[in-house]
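Student: The structure follows.
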Amino acid sequence: MGQPAATRAAATPTVGKAMLNKYARAFFTRVLTPFAAFLIRRGVSPDTVTLLGTAGVVAGALVFYPMGEFFWGTVVITLFVFSDLVDGNMARQLGRSSRWGAFLDSTLDRVADGAIFGGFALWYAGGGNDNVLCAVSIFCLASGQVVSYTKARGESIGLPVAVNGLVERAERLVISLVAAGLAGLHTFGVPGIQYLLPVALWIVAVGSLVTLVQRVVTVRRESAEAEAAAAHENASQGSEAAQ
């Protein structure tokens with residue numbers, strides 16, 4: 001059987017959870033608790049906050065990034081990052097942590113990731129005028145989705161997928177968004193800093209490829225071990241039945 005579904009509170013880290021370390025999350029959780037309570041009193045649901053937060057991230061990525069406005073795009077994304085902390089806080093206050101909430105968070109994570117790297121690809125396909133970096137951005141988008149899928153699929157067939165990849169979702173987002181925000185300072189006259197984003201995309205691309213290989217190898221090994229254990233158990237049961 002597969003692994004138990006996670007609740008919303010224990011869902012895979014979202015955009016905000018990738019950008020903020022556990023200590024910062026704890027601090028902002030305390031700060032945002034009154035705001036979460038206010039939304040609850042106004043009848044706003046955690047799912048609504050999740051949807052609005054994802055919409056804000058998508059807008060920040062697909063409106064600003066294709067225009068080369070990396071600084072402001074990252075600012076907008078960061079502002080909507082806090083929805084990831086608010087929805088979980090609301091769910092805990094309401095006692096509604098659920099498999100549906102975890103599913104919705106994880107699904108919208110993929111949407112947000114796709115928008116961020118899609119925004120980079122659109123810039124390099126247009127005003128950025130760099131087909132190689134456009135291809136690298138698309139590879140980051142695709143490989144990130146596949147890396148997430150390999151773990152989810154492995155767990156769905158009952159395997160633990162016990163591996164910490166070189167560049168997982170948290171690292172992909174932190175590296176890319178920090179580099180994008182800093183690269184955007186080029187428009188304010190900071191020289192040479194625009195090269196941070198291309199370097200970051202190459203790092204994410206190579207790291208994602210390594211992580212994908214790590215997970216595929218792990219699933220193959222765990223699958224072989226599980227099948228060998230099952231065969232041994234069947235043989236033992238057959239021997240006992242024959243006695």
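Identifiers in the structure tokens: chain A, B, ... in order shown; residue index from 1 per chain; ligand index from 1 in order shown.
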Name all residues at most 10 Å from Thr211 in chain A (count only C-alpha atoms; drop same-chain ones fewer than 5 positions away) and give them as a PyMOL selection string.
Tutor: chain A and resi 143-144+147+163-168+205-206+216-217
Student: Taking a cut-off of 12 Å and counting only C-alpha atoms, can you build a table that, for each residue of range 34-78 of chain A near range 172-184 of chain A, reports the nearest atom pair and how far apart they are in Å (one decimal), sorted by chain then residue number, as CSV?
Tutor:
residue,atom,partner,partner_atom,distance
A:Val57,CA,A:Leu177,CA,11.5
A:Gly60,CA,A:Leu177,CA,11.6
A:Ala61,CA,A:Leu177,CA,10.2
A:Phe64,CA,A:Gly184,CA,10.6
A:Tyr65,CA,A:Ala180,CA,8.9
A:Met67,CA,A:Gly184,CA,11.1
A:Gly68,CA,A:Gly184,CA,7.7
A:Glu69,CA,A:Gly184,CA,6.3
A:Phe70,CA,A:Gly184,CA,4.5
A:Phe71,CA,A:Gly184,CA,4.1
A:Trp72,CA,A:Gly184,CA,7.6
A:Gly73,CA,A:Gly181,CA,7.8
A:Thr74,CA,A:Gly181,CA,5.4
A:Val75,CA,A:Gly181,CA,7.5
A:Val76,CA,A:Gly181,CA,10.5
A:Ile77,CA,A:Leu177,CA,8.9
A:Thr78,CA,A:Leu177,CA,9.0
Student: Rank nothing, just name the residue among A:Gly158, A:Gly128, A:Gly118, A:Gly101 nearest to Pro46 in chain A, using only C-alpha atoms.
Tutor: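 Once distances to Pro46 in chain A are computed over only C-alpha atoms, the minimum belongs to A:Gly101.
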Student: What does the distance between CA of Gly207 in chain A and CA of Phe139 in chain A come to in Å, to one decimal place?
Tutor: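 One can read the CA of Gly207 in chain A to CA of Phe139 in chain A distance as 11.4 Å.
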Student: Do a neighbour search on Leu201 in chain A at 8 Å with only C-alpha atoms, toss out local chain neighbours closer than 6 positions, and write the hits as a list in words.
Tutor: Leu133, Val136, Ser137, Cys140 and Ser176 of chain A
Student: Given the choices A:Val190, A:Ala102, A:Met90, A:Ala55, which gets closest to Ile40 in chain A if the distance is worked out from only C-alpha atoms?
Tutor: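 Closest to Ile40 in chain A of all the choices is A:Met90.
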Student: Have a look at CA of Val58 in chain A and CA of Val111 in chain A and let me know their distance in Å, one decimal.
Tutor: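 Calculated distance between CA of Val58 in chain A and CA of Val111 in chain A is 7.7 Å.
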Student: Kindly give the distance, in Å, that separates CA of Asp84 in chain A and CA of Thr48 in chain A, rounded to a single decimal.
Tutor: 11.3 Å
Student: Counting only C-alpha atoms, what is within 12 Å of Ala36 in chain A, bar same-chain residues fewer than 5 positions away, as a PyMOL selection string?
Tutor: chain A and resi 28-31+41-46+49+82-94
Student: Kindly save the residues from that selection, with N, CA, C and O atoms included, as a JSON list (two decimals), in the first residue's frame.
Tutor:
[["chain", "number", "residue", "atom", "x", "y", "z"],
["A", 28, "PHE", "N", 6.99, 34.29, 11.39],
["A", 28, "PHE", "CA", 5.90, 34.86, 10.60],
["A", 28, "PHE", "C", 4.57, 34.17, 10.89],
["A", 28, "PHE", "O", 3.51, 34.79, 10.73],
["A", 29, "THR", "N", 4.63, 32.91, 11.30],
["A", 29, "THR", "CA", 3.37, 32.25, 11.69],
["A", 29, "THR", "C", 2.75, 32.96, 12.88],
["A", 29, "THR", "O", 1.54, 33.20, 12.91],
["A", 30, "ARG", "N", 3.59, 33.30, 13.87],
["A", 30, "ARG", "CA", 3.07, 34.03, 15.03],
["A", 30, "ARG", "C", 2.55, 35.40, 14.63],
["A", 30, "ARG", "O", 1.49, 35.84, 15.10],
["A", 31, "VAL", "N", 3.28, 36.07, 13.74],
["A", 31, "VAL", "CA", 2.86, 37.42, 13.31],
["A", 31, "VAL", "C", 1.56, 37.37, 12.52],
["A", 31, "VAL", "O", 0.69, 38.23, 12.67],
["A", 41, "ARG", "N", -12.90, 35.01, 10.50],
["A", 41, "ARG", "CA", -14.12, 35.73, 10.94],
["A", 41, "ARG", "C", -14.88, 36.30, 9.77],
["A", 41, "ARG", "O", -16.11, 36.47, 9.84],
["A", 42, "ARG", "N", -14.17, 36.62, 8.67],
["A", 42, "ARG", "CA", -14.84, 37.18, 7.49],
["A", 42, "ARG", "C", -15.35, 36.09, 6.56],
["A", 42, "ARG", "O", -15.85, 36.37, 5.47],
["A", 43, "GLY", "N", -15.20, 34.83, 6.97],
["A", 43, "GLY", "CA", -15.73, 33.73, 6.18],
["A", 43, "GLY", "C", -14.86, 33.29, 5.03],
["A", 43, "GLY", "O", -15.32, 32.56, 4.14],
["A", 44, "VAL", "N", -13.59, 33.71, 5.03],
["A", 44, "VAL", "CA", -12.66, 33.30, 3.97],
["A", 44, "VAL", "C", -12.12, 31.92, 4.31],
["A", 44, "VAL", "O", -11.74, 31.64, 5.45],
["A", 45, "SER", "N", -12.07, 31.03, 3.33],
["A", 45, "SER", "CA", -11.59, 29.67, 3.58],
["A", 45, "SER", "C", -10.10, 29.55, 3.27],
["A", 45, "SER", "O", -9.55, 30.33, 2.48],
["A", 46, "PRO", "N", -9.41, 28.57, 3.87],
["A", 46, "PRO", "CA", -8.00, 28.35, 3.55],
["A", 46, "PRO", "C", -7.77, 28.06, 2.07],
["A", 46, "PRO", "O", -6.77, 28.51, 1.49],
["A", 49, "VAL", "N", -7.52, 31.27, 0.12],
["A", 49, "VAL", "CA", -6.21, 31.91, 0.30],
["A", 49, "VAL", "C", -5.15, 31.21, -0.54],
["A", 49, "VAL", "O", -4.30, 31.85, -1.16],
["A", 82, "PHE", "N", 3.42, 34.77, 1.45],
["A", 82, "PHE", "CA", 2.87, 34.66, 2.79],
["A", 82, "PHE", "C", 1.52, 33.97, 2.82],
["A", 82, "PHE", "O", 1.08, 33.51, 3.88],
["A", 83, "SER", "N", 0.86, 33.85, 1.68],
["A", 83, "SER", "CA", -0.40, 33.11, 1.65],
["A", 83, "SER", "C", -0.17, 31.66, 2.02],
["A", 83, "SER", "O", -1.05, 31.00, 2.57],
["A", 84, "ASP", "N", 1.04, 31.14, 1.72],
["A", 84, "ASP", "CA", 1.35, 29.76, 2.04],
["A", 84, "ASP", "C", 1.43, 29.55, 3.55],
["A", 84, "ASP", "O", 1.22, 28.44, 4.04],
["A", 85, "LEU", "N", 1.78, 30.60, 4.27],
["A", 85, "LEU", "CA", 1.80, 30.51, 5.72],
["A", 85, "LEU", "C", 0.41, 30.75, 6.30],
["A", 85, "LEU", "O", 0.04, 30.13, 7.29],
["A", 86, "VAL", "N", -0.34, 31.65, 5.67],
["A", 86, "VAL", "CA", -1.66, 32.00, 6.19],
["A", 86, "VAL", "C", -2.64, 30.85, 6.03],
["A", 86, "VAL", "O", -3.40, 30.53, 6.96],
["A", 87, "ASP", "N", -2.65, 30.16, 4.87],
["A", 87, "ASP", "CA", -3.66, 29.11, 4.67],
["A", 87, "ASP", "C", -3.46, 27.95, 5.64],
["A", 87, "ASP", "O", -4.42, 27.41, 6.19],
["A", 88, "GLY", "N", -2.19, 27.58, 5.88],
["A", 88, "GLY", "CA", -1.94, 26.51, 6.85],
["A", 88, "GLY", "C", -2.33, 26.92, 8.26],
["A", 88, "GLY", "O", -2.88, 26.12, 9.03],
["A", 89, "ASN", "N", -2.07, 28.19, 8.60],
["A", 89, "ASN", "CA", -2.45, 28.73, 9.91],
["A", 89, "ASN", "C", -3.97, 28.68, 10.07],
["A", 89, "ASN", "O", -4.48, 28.27, 11.12],
["A", 90, "MET", "N", -4.68, 29.09, 9.03],
["A", 90, "MET", "CA", -6.14, 29.07, 9.08],
["A", 90, "MET", "C", -6.67, 27.65, 9.24],
["A", 90, "MET", "O", -7.59, 27.40, 10.02],
["A", 91, "ALA", "N", -6.07, 26.71, 8.49],
["A", 91, "ALA", "CA", -6.52, 25.32, 8.57],
["A", 91, "ALA", "C", -6.34, 24.77, 9.97],
["A", 91, "ALA", "O", -7.20, 24.05, 10.49],
["A", 92, "ARG", "N", -5.21, 25.11, 10.61],
["A", 92, "ARG", "CA", -4.99, 24.63, 11.97],
["A", 92, "ARG", "C", -5.97, 25.25, 12.95],
["A", 92, "ARG", "O", -6.48, 24.57, 13.84],
["A", 93, "GLN", "N", -6.24, 26.55, 12.79],
["A", 93, "GLN", "CA", -7.20, 27.19, 13.69],
["A", 93, "GLN", "C", -8.60, 26.61, 13.53],
["A", 93, "GLN", "O", -9.34, 26.49, 14.51],
["A", 94, "LEU", "N", -8.93, 26.24, 12.31],
["A", 94, "LEU", "CA", -10.26, 25.67, 12.04],
["A", 94, "LEU", "C", -10.31, 24.16, 12.31],
["A", 94, "LEU", "O", -11.40, 23.58, 12.31]]
Student: Per DSSP on the backbone, filter range 134-226 of chain A down to the residues in helix (DSSP H, G or I) and report them as a ChimeraX atom specification.
Tutor: /A:134-156,169-188,193-226
